$ cat work-v4.txt   # compact mmCIF, C-alpha atoms
# COMPACT_ATOMS: atom_id res chain seq x y z
CA MET A 7 8.10 29.76 26.31
CA ASN A 8 7.80 32.04 29.31
CA PRO A 9 5.85 35.26 28.77
CA LYS A 10 8.77 37.61 29.33
CA LEU A 11 10.87 35.85 26.74
CA LYS A 12 7.92 35.66 24.40
CA LYS A 13 7.48 39.43 24.56
CA GLU A 14 11.17 39.93 23.90
CA ARG A 15 10.92 37.57 20.98
CA THR A 16 7.96 39.44 19.51
CA ALA A 17 9.80 42.73 19.87
CA TYR A 18 12.82 41.22 18.18
CA LYS A 19 10.82 39.73 15.34
CA ASN A 20 9.17 43.13 14.84
CA THR A 21 12.46 44.91 14.20
CA PRO A 22 11.48 47.04 11.22
CA ILE A 23 13.04 45.85 7.98
CA PRO A 24 14.08 48.81 5.82
CA PRO A 25 12.95 48.55 2.20
CA GLU A 26 16.54 49.10 1.11
CA LEU A 27 17.43 45.63 2.38
CA GLN A 28 15.77 43.71 -0.39
CA GLN A 29 17.16 46.07 -3.00
CA MET A 30 20.66 45.77 -1.63
CA VAL A 31 20.48 41.98 -1.33
CA ARG A 32 19.18 41.64 -4.85
CA LYS A 33 21.91 43.89 -6.15
CA GLU A 34 24.63 41.97 -4.33
CA LEU A 35 23.35 38.61 -5.47
CA GLY A 36 22.54 39.78 -8.96
CA THR A 37 26.04 41.05 -9.64
CA LYS A 38 27.53 37.81 -8.53
CA LYS A 39 25.15 35.72 -10.56
CA LYS A 40 26.03 37.56 -13.73
CA ASN A 41 29.71 36.81 -13.36
CA TYR A 42 29.06 33.24 -14.28
CA ARG A 43 27.26 34.07 -17.47
CA PRO A 44 29.00 34.98 -20.68
CA TYR A 45 28.91 38.76 -20.92
CA TRP A 46 26.80 38.84 -24.04
CA MET A 47 24.14 36.89 -22.29
CA SER A 48 23.80 39.14 -19.28
CA ALA A 49 23.62 42.04 -21.71
CA ALA A 50 20.93 40.22 -23.62
CA ILE A 51 18.96 39.53 -20.47
CA ALA A 52 19.31 43.09 -19.25
CA ALA A 53 18.19 44.39 -22.61
CA ALA A 54 15.24 42.07 -22.59
CA ILE A 55 14.20 43.24 -19.15
CA ILE A 56 14.52 46.90 -19.99
CA ALA A 57 12.79 46.65 -23.30
CA LEU A 58 9.92 44.40 -22.38
CA PHE A 59 9.96 43.77 -18.66
CA VAL A 60 8.60 40.39 -19.50
CA THR A 61 10.63 37.89 -21.43
CA LEU A 62 8.77 35.00 -22.82
CA ASN A 63 10.44 32.38 -24.91
CA THR A 64 8.72 29.42 -26.29
CA ASN A 65 11.27 28.97 -29.01
CA ALA A 66 13.66 26.24 -27.96
CA SER A 67 16.85 27.64 -29.44
CA VAL A 68 16.37 31.00 -27.76
CA ALA A 69 15.45 29.26 -24.57
CA ARG A 70 18.72 27.39 -24.58
CA ALA A 71 20.70 30.57 -24.93
CA MET A 72 18.74 32.28 -22.17
CA GLY A 73 19.08 29.38 -19.79
CA GLY A 74 22.80 29.19 -20.41
CA MET A 75 22.64 25.49 -19.85
CA PRO A 76 23.58 22.95 -22.46
CA VAL A 77 20.68 20.73 -23.31
CA VAL A 78 21.39 17.37 -21.73
CA GLY A 79 18.77 14.77 -21.12
CA HIS A 80 15.06 15.28 -21.28
CA VAL A 81 14.65 18.68 -19.69
CA PHE A 82 15.63 22.18 -20.68
CA GLN A 83 14.66 25.65 -19.61
CA ALA A 84 11.95 26.96 -21.84
CA MET A 85 10.34 30.06 -20.53
CA THR A 86 11.43 32.80 -18.27
CA PHE A 87 9.10 35.44 -16.96
CA GLN A 88 11.01 38.23 -15.36
CA TYR A 89 10.00 41.48 -13.86
CA GLU A 90 11.91 43.68 -11.54
CA ASP A 91 11.56 47.11 -10.08
CA GLU A 92 12.40 48.49 -6.68
CA GLN A 93 9.49 46.85 -4.92
CA TYR A 94 8.32 43.94 -6.98
CA ALA A 95 10.13 41.07 -8.55
CA ALA A 96 9.15 38.00 -10.47
CA ASP A 97 11.46 35.31 -11.78
CA ILE A 98 9.61 32.32 -13.10
CA LYS A 99 11.65 29.63 -14.79
CA THR A 100 9.78 26.91 -16.55
CA PRO A 101 11.09 23.54 -17.64
CA LYS A 102 10.25 21.90 -20.89
CA VAL A 103 10.62 18.19 -21.54
CA ARG A 104 11.61 16.72 -24.88
CA ASP A 105 12.39 13.43 -26.56
CA LEU A 106 9.99 11.44 -24.47
CA GLU A 107 8.86 8.32 -26.23
CA ASN A 108 5.28 9.26 -25.79
CA LYS A 109 4.47 12.62 -27.32
CA ASP A 110 1.15 12.89 -25.49
CA VAL A 111 2.86 12.82 -22.12
CA GLU A 112 5.42 15.29 -23.37
CA GLN A 113 2.74 17.64 -24.60
CA THR A 114 0.60 17.33 -21.48
CA LEU A 115 3.54 18.15 -19.24
CA ASN A 116 4.73 21.04 -21.35
CA GLU A 117 1.27 22.53 -21.59
CA LYS A 118 0.90 22.23 -17.83
CA TYR A 119 4.24 23.94 -17.21
CA GLU A 120 3.42 26.74 -19.58
CA LYS A 121 -0.07 27.24 -18.22
CA GLU A 122 1.04 27.26 -14.60
CA ALA A 123 3.89 29.67 -15.28
CA LYS A 124 1.49 32.07 -16.97
CA GLU A 125 -0.94 31.73 -14.09
CA GLN A 126 1.81 32.45 -11.59
CA TYR A 127 2.77 35.55 -13.50
CA THR A 128 -0.83 36.73 -13.81
CA LYS A 129 -1.29 36.21 -10.09
CA PHE A 130 1.84 38.23 -9.45
CA GLU A 131 0.56 41.05 -11.64
CA GLN A 132 -2.71 41.04 -9.74
CA ARG A 133 -0.93 41.18 -6.40
CA MET A 134 1.14 44.05 -7.72
CA LYS A 135 -1.98 45.90 -8.79
CA ALA A 136 -3.71 45.24 -5.47
CA LEU A 137 -0.74 46.65 -3.55
CA LYS A 138 -0.96 49.88 -5.56
CA GLY A 139 2.71 50.69 -5.32
CA GLU A 140 2.87 49.98 -1.59
CA GLY A 141 4.94 47.25 0.04
CA HIS A 142 6.92 44.49 -1.54
CA ALA A 143 6.03 41.31 -3.33
CA SER A 144 7.94 38.72 -5.23
CA VAL A 145 7.52 35.34 -6.79
CA THR A 146 10.31 32.99 -7.78
CA SER A 147 9.80 29.68 -9.41
CA ASP A 148 12.51 27.27 -10.43
CA TYR A 149 12.91 23.61 -11.17
CA ARG A 150 15.43 20.86 -10.54
CA VAL A 151 15.81 17.59 -12.34
CA LEU A 152 16.07 15.09 -9.50
CA GLN A 153 16.47 12.09 -11.75
CA ASP A 154 16.89 11.63 -15.46
CA THR A 155 17.68 8.01 -16.20
CA LYS A 156 16.42 5.56 -18.77
CA GLN A 157 13.81 4.48 -16.31
CA LEU A 158 12.78 7.58 -14.47
CA LEU A 159 12.50 11.27 -14.99
CA VAL A 160 11.74 13.29 -11.85
CA ILE A 161 11.24 17.01 -12.03
CA GLU A 162 10.84 19.12 -8.93
CA ARG A 163 9.36 22.60 -9.19
CA GLU A 164 9.71 25.03 -6.32
CA THR A 165 7.70 28.22 -6.06
CA THR A 166 8.16 30.85 -3.38
CA GLU A 167 5.77 33.73 -3.03
CA THR A 168 6.79 36.55 -0.77
CA GLU A 169 4.78 39.39 0.60
CA ALA A 170 4.95 40.03 4.34
CA SER A 171 5.92 36.42 4.82
CA SER A 172 6.82 33.77 2.32
CA ALA A 173 5.29 30.50 1.28
CA THR A 174 7.06 27.76 -0.62
CA THR A 175 5.37 25.00 -2.53
CA LEU A 176 7.01 21.96 -4.10
CA GLN A 177 5.56 20.03 -7.00
CA TYR A 178 6.83 16.88 -8.64
CA ASP A 179 6.38 15.10 -11.91
CA VAL A 180 7.54 11.51 -12.08
CA VAL A 181 7.70 10.07 -15.56
CA ASP A 182 8.87 6.80 -17.02
CA PRO A 183 10.29 8.00 -20.36
CA THR A 184 9.51 4.67 -21.98
CA LEU A 185 5.90 4.53 -20.84
CA LYS A 186 2.79 6.34 -21.87
CA GLN A 187 1.90 7.51 -18.41
CA VAL A 188 3.01 10.01 -15.89
CA ILE A 189 3.51 7.94 -12.74
CA THR A 190 0.94 8.76 -10.10
CA LEU A 191 1.02 7.74 -6.48
CA PRO A 192 -2.02 5.38 -6.73
CA SER A 193 -0.53 3.69 -9.80
CA LEU A 194 2.36 2.37 -7.71
CA PHE A 195 0.11 0.44 -5.35
CA LYS A 196 -2.23 -2.52 -5.58
CA ASN A 197 -5.03 -0.86 -3.61
CA LYS A 198 -5.91 2.16 -1.52
CA ASP A 199 -4.39 0.77 1.68
CA TYR A 200 -1.24 2.72 0.95
CA VAL A 201 -2.87 5.95 2.16
CA GLN A 202 -3.21 4.60 5.69
CA VAL A 203 0.12 2.75 5.76
CA ILE A 204 2.14 5.71 4.50
CA SER A 205 0.26 8.12 6.80
CA ASP A 206 1.04 5.96 9.81
CA GLU A 207 4.68 5.73 8.79
CA ILE A 208 4.89 9.52 8.45
CA LYS A 209 3.22 10.13 11.81
CA GLN A 210 5.72 7.78 13.40
CA GLN A 211 8.62 9.59 11.76
CA MET A 212 7.20 12.97 12.84
CA LYS A 213 6.89 11.84 16.45
CA LYS A 214 10.35 10.33 16.43
CA GLN A 215 11.91 13.46 14.95
CA MET A 216 10.15 15.63 17.51
CA ALA A 217 11.31 13.42 20.37
CA ASP A 218 14.88 13.08 19.06
CA SER A 219 15.31 16.77 18.46
CA LYS A 220 13.94 17.70 21.90
CA GLY A 221 11.47 20.12 20.48
CA GLU A 222 13.69 21.58 17.76
CA LYS A 223 11.45 20.05 15.16
CA VAL A 224 7.73 20.57 15.30
CA TYR A 225 4.99 18.93 13.29
CA PHE A 226 1.27 19.36 13.50
CA ILE A 227 -0.34 15.97 14.01
CA LYS A 228 -4.07 15.63 14.37
CA GLY A 229 -5.14 14.15 17.69
CA MET A 230 -1.63 14.31 19.16
CA ASN A 231 -3.10 16.10 22.19
CA SER A 232 -6.32 17.83 23.15
CA GLU A 233 -5.29 21.07 21.41
CA SER A 234 -4.42 19.58 18.05
CA THR A 235 -7.79 19.30 16.42
CA ASP A 236 -6.30 19.89 13.02
CA GLY A 237 -2.92 19.05 11.59
CA PHE A 238 -1.68 16.05 9.71
CA ASP A 239 -4.02 13.10 9.63
CA GLN A 240 -3.68 11.34 6.30
CA ILE A 241 -1.86 11.93 3.05
CA GLN A 242 -4.02 12.70 0.08
CA ALA A 243 -4.47 9.87 -2.39
CA ASN A 244 -2.45 11.91 -4.90
CA GLN A 245 -0.07 13.51 -2.39
CA SER A 246 3.08 15.16 -3.77
CA PHE A 247 5.77 12.49 -4.10
CA TYR A 248 8.83 11.43 -6.03
CA ILE A 249 11.26 8.56 -6.21
CA ASN A 250 14.81 9.27 -5.13
CA LYS A 251 18.03 7.84 -6.53
CA LYS A 252 17.99 5.05 -3.96
CA HIS A 253 14.64 3.95 -5.43
CA GLU A 254 12.79 5.00 -2.31
CA LEU A 255 9.46 6.74 -2.17
CA VAL A 256 9.61 10.31 -0.87
CA ILE A 257 6.47 12.13 0.28
CA SER A 258 6.58 15.90 0.27
CA PHE A 259 4.53 18.58 2.04
CA ASN A 260 4.40 22.26 1.30
CA GLU A 261 5.47 24.90 3.77
CA TYR A 262 2.82 25.30 6.53
CA GLU A 263 1.02 22.14 5.42
CA VAL A 264 2.08 19.91 8.32
CA ALA A 265 4.62 22.02 10.19
CA PRO A 266 5.23 25.62 11.22
CA GLY A 267 6.70 27.92 8.59
CA SER A 268 10.11 27.82 10.22
CA MET A 269 10.42 24.18 9.14
CA GLY A 270 9.93 25.07 5.48
CA PRO A 271 8.61 22.44 3.09
CA VAL A 272 9.20 18.97 4.55
CA LYS A 273 9.85 15.55 3.03
CA PHE A 274 9.66 12.02 4.37
CA VAL A 275 11.48 9.04 2.94
CA ILE A 276 9.28 5.98 3.24
CA PRO A 277 11.34 2.83 3.88
CA THR A 278 10.51 0.35 1.14
CA LYS A 279 9.96 -2.48 3.64
CA ALA A 280 7.05 -0.56 5.15
CA ILE A 281 5.15 -0.60 1.85
CA GLN A 282 6.64 -3.64 0.08
CA SER A 283 3.51 -5.79 0.39
CA LEU A 284 1.38 -3.08 -1.19
CA LEU A 285 3.56 -2.33 -4.21
CA VAL A 286 2.43 -3.38 -7.67
CA SER A 287 6.03 -4.17 -8.54
CA ASN A 288 9.61 -3.29 -7.66
CA GLN A 289 10.21 -1.68 -10.99
CA TYR A 290 10.54 1.85 -9.56
CA ILE A 291 10.60 1.39 -5.84
CA ARG A 292 13.00 -1.10 -4.35
CA MET B 6 32.45 23.73 -18.39
CA LYS B 7 31.50 21.03 -15.96
CA PHE B 8 33.25 22.85 -13.17
CA THR B 9 31.53 26.13 -13.90
CA ARG B 10 28.14 24.49 -13.84
CA LYS B 11 28.85 22.91 -10.52
CA LYS B 12 29.90 26.22 -9.08
CA LEU B 13 26.78 27.83 -10.44
CA HIS B 14 24.65 25.20 -8.80
CA TYR B 15 26.24 25.67 -5.40
CA ASP B 16 25.97 29.37 -5.78
CA ASP B 17 22.27 28.96 -6.30
CA GLN B 18 22.01 27.36 -2.88
CA LEU B 19 23.76 30.29 -1.29
CA ILE B 20 21.67 32.79 -3.23
CA GLN B 21 18.46 31.06 -2.25
CA LEU B 22 19.50 30.98 1.37
CA ILE B 23 20.31 34.69 1.47
CA GLU B 24 17.16 35.66 -0.39
CA ARG B 25 15.04 33.57 1.87
CA TYR B 26 16.51 34.53 5.22
CA GLN B 27 17.62 38.10 4.51
CA ASN B 28 15.23 39.51 7.13
CA ASP B 29 16.56 37.15 9.81
CA PHE B 30 20.13 38.10 8.96
CA TYR B 31 19.25 41.77 9.05
CA ARG B 32 17.53 41.52 12.43
CA LEU B 33 20.54 39.73 13.88
CA ALA B 34 22.89 42.41 12.52
CA TYR B 35 20.59 45.09 13.90
CA SER B 36 20.69 43.50 17.35
CA TYR B 37 24.40 44.34 17.38
CA THR B 38 24.54 47.65 15.54
CA LYS B 39 21.23 49.15 16.77
CA ASN B 40 21.23 51.26 13.67
CA GLU B 41 19.51 50.71 10.37
CA GLN B 42 22.25 51.86 8.03
CA ASP B 43 24.96 50.02 9.94
CA ALA B 44 22.94 46.82 9.97
CA LEU B 45 22.47 47.12 6.22
CA ASP B 46 26.23 47.60 5.82
CA VAL B 47 26.90 44.54 7.94
CA VAL B 48 24.55 42.40 5.86
CA GLN B 49 26.10 43.71 2.66
CA ASP B 50 29.62 42.94 3.92
CA SER B 51 28.47 39.51 5.04
CA ILE B 52 27.07 38.67 1.62
CA GLN B 53 30.31 39.69 -0.04
CA LYS B 54 32.37 37.65 2.42
CA ALA B 55 30.11 34.65 1.94
CA MET B 56 30.38 34.86 -1.84
CA GLN B 57 34.14 35.00 -1.62
CA SER B 58 34.68 32.14 0.79
CA TYR B 59 31.75 29.95 -0.21
CA GLU B 60 33.91 27.47 -2.06
CA LYS B 61 35.99 26.87 1.04
CA LEU B 62 32.94 25.79 3.00
CA ILE B 63 33.04 22.02 3.04
CA GLU B 64 29.99 21.17 5.11
CA LYS B 65 27.32 22.65 2.91
CA GLU B 66 24.57 21.45 5.23
CA LYS B 67 25.80 23.99 7.76
CA LEU B 68 25.19 26.76 5.24
CA LYS B 69 22.67 28.70 7.30
CA SER B 70 24.69 28.53 10.51
CA TRP B 71 27.75 29.45 8.54
CA PHE B 72 26.05 32.58 7.26
CA TYR B 73 24.90 33.51 10.78
CA LYS B 74 28.52 33.10 11.85
CA ILE B 75 29.65 35.56 9.21
CA VAL B 76 26.96 38.05 10.28
CA VAL B 77 28.01 37.77 13.93
CA HIS B 78 31.70 38.22 13.10
CA THR B 79 31.05 41.12 10.79
CA SER B 80 28.83 42.81 13.39
CA LEU B 81 31.44 42.41 16.12
CA ASP B 82 34.15 43.72 13.81
CA PHE B 83 31.94 46.65 13.02
CA LEU B 84 31.36 47.45 16.70
CA ARG B 85 35.09 47.22 17.40
CA LYS B 86 35.91 49.63 14.59
CA HIS B 87 33.16 52.09 15.41
CA LYS B 88 33.27 52.20 19.17
CA ARG B 89 33.07 55.98 19.35
CA VAL B 90 30.29 56.21 16.83
CA GLN B 91 28.41 53.62 18.84
CA VAL B 92 28.42 55.81 21.95
CA MET B 93 26.95 58.71 20.03
CA GLU B 94 24.34 56.50 18.50
CA ASP B 95 23.28 55.39 21.95
CA GLU B 96 22.78 58.94 23.08
CA GLN B 97 20.80 59.69 20.02
CA LEU B 98 18.75 56.59 20.55
CA GLN B 99 17.91 57.58 24.11
CA ALA B 100 16.99 61.07 23.01
CA ASN B 101 14.68 59.60 20.41
CA GLN B 102 13.20 57.16 22.84
CA ARG B 103 12.26 59.91 25.25
CA ASN B 104 10.04 61.39 22.59
CA PHE B 105 8.47 58.09 21.71
CA HIS B 106 8.19 56.89 25.27
CA ASP B 107 4.41 56.79 25.23
CA ALA B 108 4.31 54.66 22.14
CA TYR B 109 6.47 51.96 23.73
CA GLU B 110 4.38 49.68 25.87
CA ASN B 111 7.12 47.31 26.84
CA VAL B 112 9.99 49.70 27.12
CA ASP B 113 11.27 48.01 30.29
CA LEU B 114 11.37 44.61 28.71
CA GLU B 115 13.15 45.83 25.64
CA HIS B 116 15.74 47.38 27.84
CA ALA B 117 16.18 44.27 29.86
CA LEU B 118 17.53 42.30 26.92
CA ASP B 119 19.34 45.28 25.46
CA ASP B 120 21.08 45.88 28.77
CA LEU B 121 22.67 42.45 28.80
CA PRO B 122 26.31 42.21 27.76
CA THR B 123 26.69 41.04 24.16
CA ILE B 124 27.84 37.52 25.09
CA TYR B 125 24.55 36.91 26.92
CA ARG B 126 22.27 38.79 24.56
CA GLU B 127 23.49 36.95 21.48
CA VAL B 128 22.89 33.47 22.90
CA VAL B 129 19.33 34.38 23.86
CA ILE B 130 18.67 35.78 20.38
CA LEU B 131 20.18 32.82 18.57
CA ARG B 132 18.52 30.21 20.75
CA PHE B 133 15.07 31.62 21.40
CA PHE B 134 14.48 34.13 18.61
CA GLU B 135 16.30 32.47 15.72
CA ASP B 136 15.47 28.98 17.02
CA LEU B 137 18.94 27.55 16.52
CA LYS B 138 20.27 24.43 18.20
CA ILE B 139 22.89 24.63 20.92
CA GLU B 140 25.43 22.90 18.65
CA ASP B 141 24.79 25.42 15.88
CA ILE B 142 25.19 28.32 18.29
CA ALA B 143 28.44 26.80 19.51
CA PHE B 144 29.57 26.61 15.89
CA ILE B 145 28.52 30.20 15.17
CA LEU B 146 30.16 31.68 18.25
CA GLU B 147 33.15 29.31 18.18
CA GLU B 148 32.64 28.13 21.74
CA ASN B 149 31.92 24.68 23.12
CA THR B 150 28.36 23.63 23.85
CA ASN B 151 28.82 23.75 27.64
CA THR B 152 29.92 27.36 27.48
CA ILE B 153 26.83 28.19 25.46
CA LYS B 154 24.56 26.40 27.91
CA THR B 155 26.16 28.20 30.86
CA ARG B 156 25.73 31.55 29.15
CA LEU B 157 22.12 30.83 28.31
CA TYR B 158 21.44 29.86 31.88
CA LYS B 159 23.04 33.00 33.18
CA ALA B 160 21.31 35.16 30.56
CA LEU B 161 17.90 33.83 31.56
CA ARG B 162 18.70 34.48 35.18
CA LEU B 163 19.71 38.04 34.35
CA LEU B 164 16.47 38.51 32.47
CA ARG B 165 14.66 36.92 35.40
CA ALA B 166 12.92 34.77 32.87
CA ASP B 167 11.25 31.85 34.55
CA LEU B 168 13.61 28.93 34.25
CA LYS B 169 11.10 26.22 34.94
CA THR B 170 9.78 26.33 31.41
CA GLU B 171 13.23 26.65 29.88
CA GLU B 172 14.90 23.64 31.46
CA GLU B 173 15.37 22.14 28.06
CA PHE B 174 17.39 24.58 26.03
$ encode --input "work-v4.txt" --output "structure tokens"
Amino acid sequence: MNPKLKKERTAYKNTPIPPELQQMVRKELGTKKKNYRPYWMSAAIAAAIIALFVTLNTNASVARAMGGMPVVGHVFQAMTFQYEDEQYAADIKTPKVRDLENKDVEQTLNEKYEKEAKEQYTKFEQRMKALKGEGHASVTSDYRVLQDTKQLLVIERETTETEASSATTLQYDVVDPTLKQVITLPSLFKNKDYVQVISDEIKQQMKKQMADSKGEKVYFIKGMNSESTDGFDQIQANQSFYINKKHELVISFNEYEVAPGSMGPVKFVIPTKAIQSLLVSNQYIR
Amino acid sequence: MKFTRKKLHYDDQLIQLIERYQNDFYRLAYSYTKNEQDALDVVQDSIQKAMQSYEKLIEKEKLKSWFYKIVVHTSLDFLRKHKRVQVMEDEQLQANQRNFHDAYENVDLEHALDDLPTIYREVVILRFFEDLKIEDIAFILEENTNTIKTRLYKALRLLRADLKTEEEF
């Protein structure tokens, strides 16, 4: 970008954001959200926030009422950590799985969810303390059930931490409800060759997207030119992944991991034919 | 019950979008109103409008552009309604700027973009500062893509921004 425009852009991006903005936005969105809840529930939530600031439910029946969602399938909302004042906000929703055939898997997952939610909240409290009443900070964490079939349960958890800028991370758990194991990326493949094959596929997709979008989309690829000494090179052996409803493998990267923040977290669908020869079976991926 | 849940889910998308991009929406509103309180009012109005008409939006993938569109419309409406107030604000702004003149390194540059007529300023902001695609800008401003390209070209010429590096909008 030419220097004049760049300067203008910097000036624009530095438009001061009044602290009232976040308050106002939260108020506007909050009011609307409540309309969809039965009135007694919003009252209950409000009361809980005022009385305790932190609401923690590990009891399933209470959790159901708080979540306002009927319990269908294997996942329900278990814990909610909430905190809100004029500068700081936390809203951490935690899933809980149930009725899995293997109780060990169920317990491992649930313990992980609970532990990580508590860690997120502790981290938030520490950030709050460190800011000493200055500035703004928030953390929101939520989950989505991407698949809940007889064969596959896929839970996506999204966490966004905001201070001056925001960072979003995505995590997945892929479970076969009938099996004893959480499905890991290596367990889908015969050998370690998948790391290279999938990495090459992703690099190709990145380059194609960049070319097709005429620079709209940007990825950091290692060795793309003399300047790019870091950036994406290979996926990790246990890279974040899930299996979509079309039975395709999807590889996910957190915000900033392989692309500028403006791209957000990014995902790549890996065509099954690219990895077919490496798959242990076509049970999950077809 | 099913219907309510669906609505709730879609609403979540809208809520997440607004929470995530609130600063961008505010900055855009401010680029029109040039006043903190007015920009806040515009964003507030825009959120309410979006909440009301969200269900009518069919192409949910255009959500972000759609919200920008609402912000632009609301800002322009605001300027139309408050033309006289705007003039006073400008005077006040200049008076303030005189005092802070020393603190502004790039006062000329800031003026250059600010001096452009709205139709040129907004395309530069949307394309180069908000990083939107030409098609999205066309959608937001309800013009065809050629009009947007022409305006961008002219805007860059007015700014005397070097065109060589901007051949590809």
$ residues_around --input "work-v4.txt" --residues "Glu222 (chain A)" --least-positions-apart "3" --cutoff "12 Å" --atoms "only C-alpha atoms" --output "PDB file with C-alpha atoms, in the frame of the given file"
ATOM      1  CA  MET A 212       7.200  12.970  12.840  1.00  0.00           C
ATOM      2  CA  LYS A 213       6.890  11.840  16.450  1.00  0.00           C
ATOM      3  CA  LYS A 214      10.350  10.330  16.430  1.00  0.00           C
ATOM      4  CA  GLN A 215      11.910  13.460  14.950  1.00  0.00           C
ATOM      5  CA  MET A 216      10.150  15.630  17.510  1.00  0.00           C
ATOM      6  CA  ALA A 217      11.310  13.420  20.370  1.00  0.00           C
ATOM      7  CA  ASP A 218      14.880  13.080  19.060  1.00  0.00           C
ATOM      8  CA  SER A 219      15.310  16.770  18.460  1.00  0.00           C
ATOM      9  CA  TYR A 225       4.990  18.930  13.290  1.00  0.00           C
ATOM     10  CA  ALA A 265       4.620  22.020  10.190  1.00  0.00           C
ATOM     11  CA  PRO A 266       5.230  25.620  11.220  1.00  0.00           C
ATOM     12  CA  SER A 268      10.110  27.820  10.220  1.00  0.00           C
ATOM     13  CA  MET A 269      10.420  24.180   9.140  1.00  0.00           C
TER      14      MET A 269
ATOM     15  CA  ARG B 132      18.520  30.210  20.750  1.00  0.00           C
ATOM     16  CA  PHE B 133      15.070  31.620  21.400  1.00  0.00           C
ATOM     17  CA  GLU B 135      16.300  32.470  15.720  1.00  0.00           C
ATOM     18  CA  ASP B 136      15.470  28.980  17.020  1.00  0.00           C
ATOM     19  CA  LEU B 137      18.940  27.550  16.520  1.00  0.00           C
ATOM     20  CA  LYS B 138      20.270  24.430  18.200  1.00  0.00           C
ATOM     21  CA  ILE B 139      22.890  24.630  20.920  1.00  0.00           C
ATOM     22  CA  GLU B 140      25.430  22.900  18.650  1.00  0.00           C
ATOM     23  CA  ASP B 141      24.790  25.420  15.880  1.00  0.00           C
ATOM     24  CA  GLU B 173      15.370  22.140  28.060  1.00  0.00           C
ATOM     25  CA  PHE B 174      17.390  24.580  26.030  1.00  0.00           C
TER      26      PHE B 174
END
$ atom_distance --input "work-v4.txt" --atom1 "CA of Asp43 (chain B)" --atom2 "CA of Phe83 (chain B)"
8.3 Å
$ closest_residue --input "work-v4.txt" --among "B:Val76, B:Ala160, B:Leu62, B:Leu68" --to "Tyr37 (chain B)" --atoms "only C-alpha atoms"
B:Val76
$ closest_atom_pairs --input "work-v4.txt" --of "chain A" --to "chain B" --cutoff "9 Å" --atoms "only C-alpha atoms" --output "CSV"
residue,atom,partner,partner_atom,distance
A:Met7,CA,B:Thr170,CA,6.4
A:Asn8,CA,B:Asp167,CA,6.3
A:Pro9,CA,B:Ala166,CA,8.2
A:Lys10,CA,B:Ala166,CA,6.1
A:Leu11,CA,B:Ala166,CA,6.6
A:Lys12,CA,B:Phe133,CA,8.7
A:Lys13,CA,B:Leu114,CA,7.7
A:Glu14,CA,B:Glu115,CA,6.5
A:Arg15,CA,B:Phe134,CA,5.5
A:Thr16,CA,B:Phe134,CA,8.5
A:Ala17,CA,B:Glu115,CA,7.4
A:Tyr18,CA,B:Phe134,CA,7.3
A:Lys19,CA,B:Phe134,CA,7.4
A:Asn20,CA,B:Arg32,CA,8.8
A:Thr21,CA,B:Arg32,CA,6.4
A:Pro22,CA,B:Arg32,CA,8.3
A:Ile23,CA,B:Asn28,CA,6.8
A:Pro24,CA,B:Glu41,CA,7.3
A:Glu26,CA,B:Leu45,CA,8.1
A:Leu27,CA,B:Leu45,CA,6.5
A:Gln28,CA,B:Gln27,CA,7.7
A:Met30,CA,B:Gln49,CA,7.2
A:Val31,CA,B:Gln49,CA,7.1
A:Arg32,CA,B:Glu24,CA,7.7
A:Glu34,CA,B:Ile52,CA,7.2
A:Leu35,CA,B:Ile20,CA,6.5
A:Lys38,CA,B:Met56,CA,7.8
A:Lys39,CA,B:Asp16,CA,8.0
A:Tyr42,CA,B:Leu13,CA,7.0
A:Met75,CA,B:Arg10,CA,8.2
A:Ser172,CA,B:Arg25,CA,8.2
A:Lys220,CA,B:Glu173,CA,7.7
A:Gly221,CA,B:Glu173,CA,8.8
A:Glu222,CA,B:Lys138,CA,7.2
A:Ser268,CA,B:Asp136,CA,8.7
$ atom_distance --input "work-v4.txt" --atom1 "CA of Thr174 (chain A)" --atom2 "CA of Tyr262 (chain A)"
8.7 Å
$ residues_around --input "work-v4.txt" --residues "Ile75 (chain B)" --least-positions-apart "5" --cutoff "9 Å" --atoms "all atoms listed in the file" --output "list in words"
Ser51, Ile52, Lys54, Ala55, Ser70, Ser80 and Ile145 of chain B
$ write_last_selection --input "work-v4.txt" --atoms "C-alpha atoms" --output "mmCIF file, in the frame of the given file"
data_model
loop_
_atom_site.group_PDB
_atom_site.id
_atom_site.type_symbol
_atom_site.label_atom_id
_atom_site.label_comp_id
_atom_site.auth_asym_id
_atom_site.auth_seq_id
_atom_site.Cartn_x
_atom_site.Cartn_y
_atom_site.Cartn_z
ATOM 1 C CA SER B 51 28.470 39.510 5.040
ATOM 2 C CA ILE B 52 27.070 38.670 1.620
ATOM 3 C CA LYS B 54 32.370 37.650 2.420
ATOM 4 C CA ALA B 55 30.110 34.650 1.940
ATOM 5 C CA SER B 70 24.690 28.530 10.510
ATOM 6 C CA SER B 80 28.830 42.810 13.390
ATOM 7 C CA ILE B 145 28.520 30.200 15.170
#
$ atom_distance --input "work-v4.txt" --atom1 "CA of Val188 (chain A)" --atom2 "CA of Ala96 (chain A)"
29.2 Å
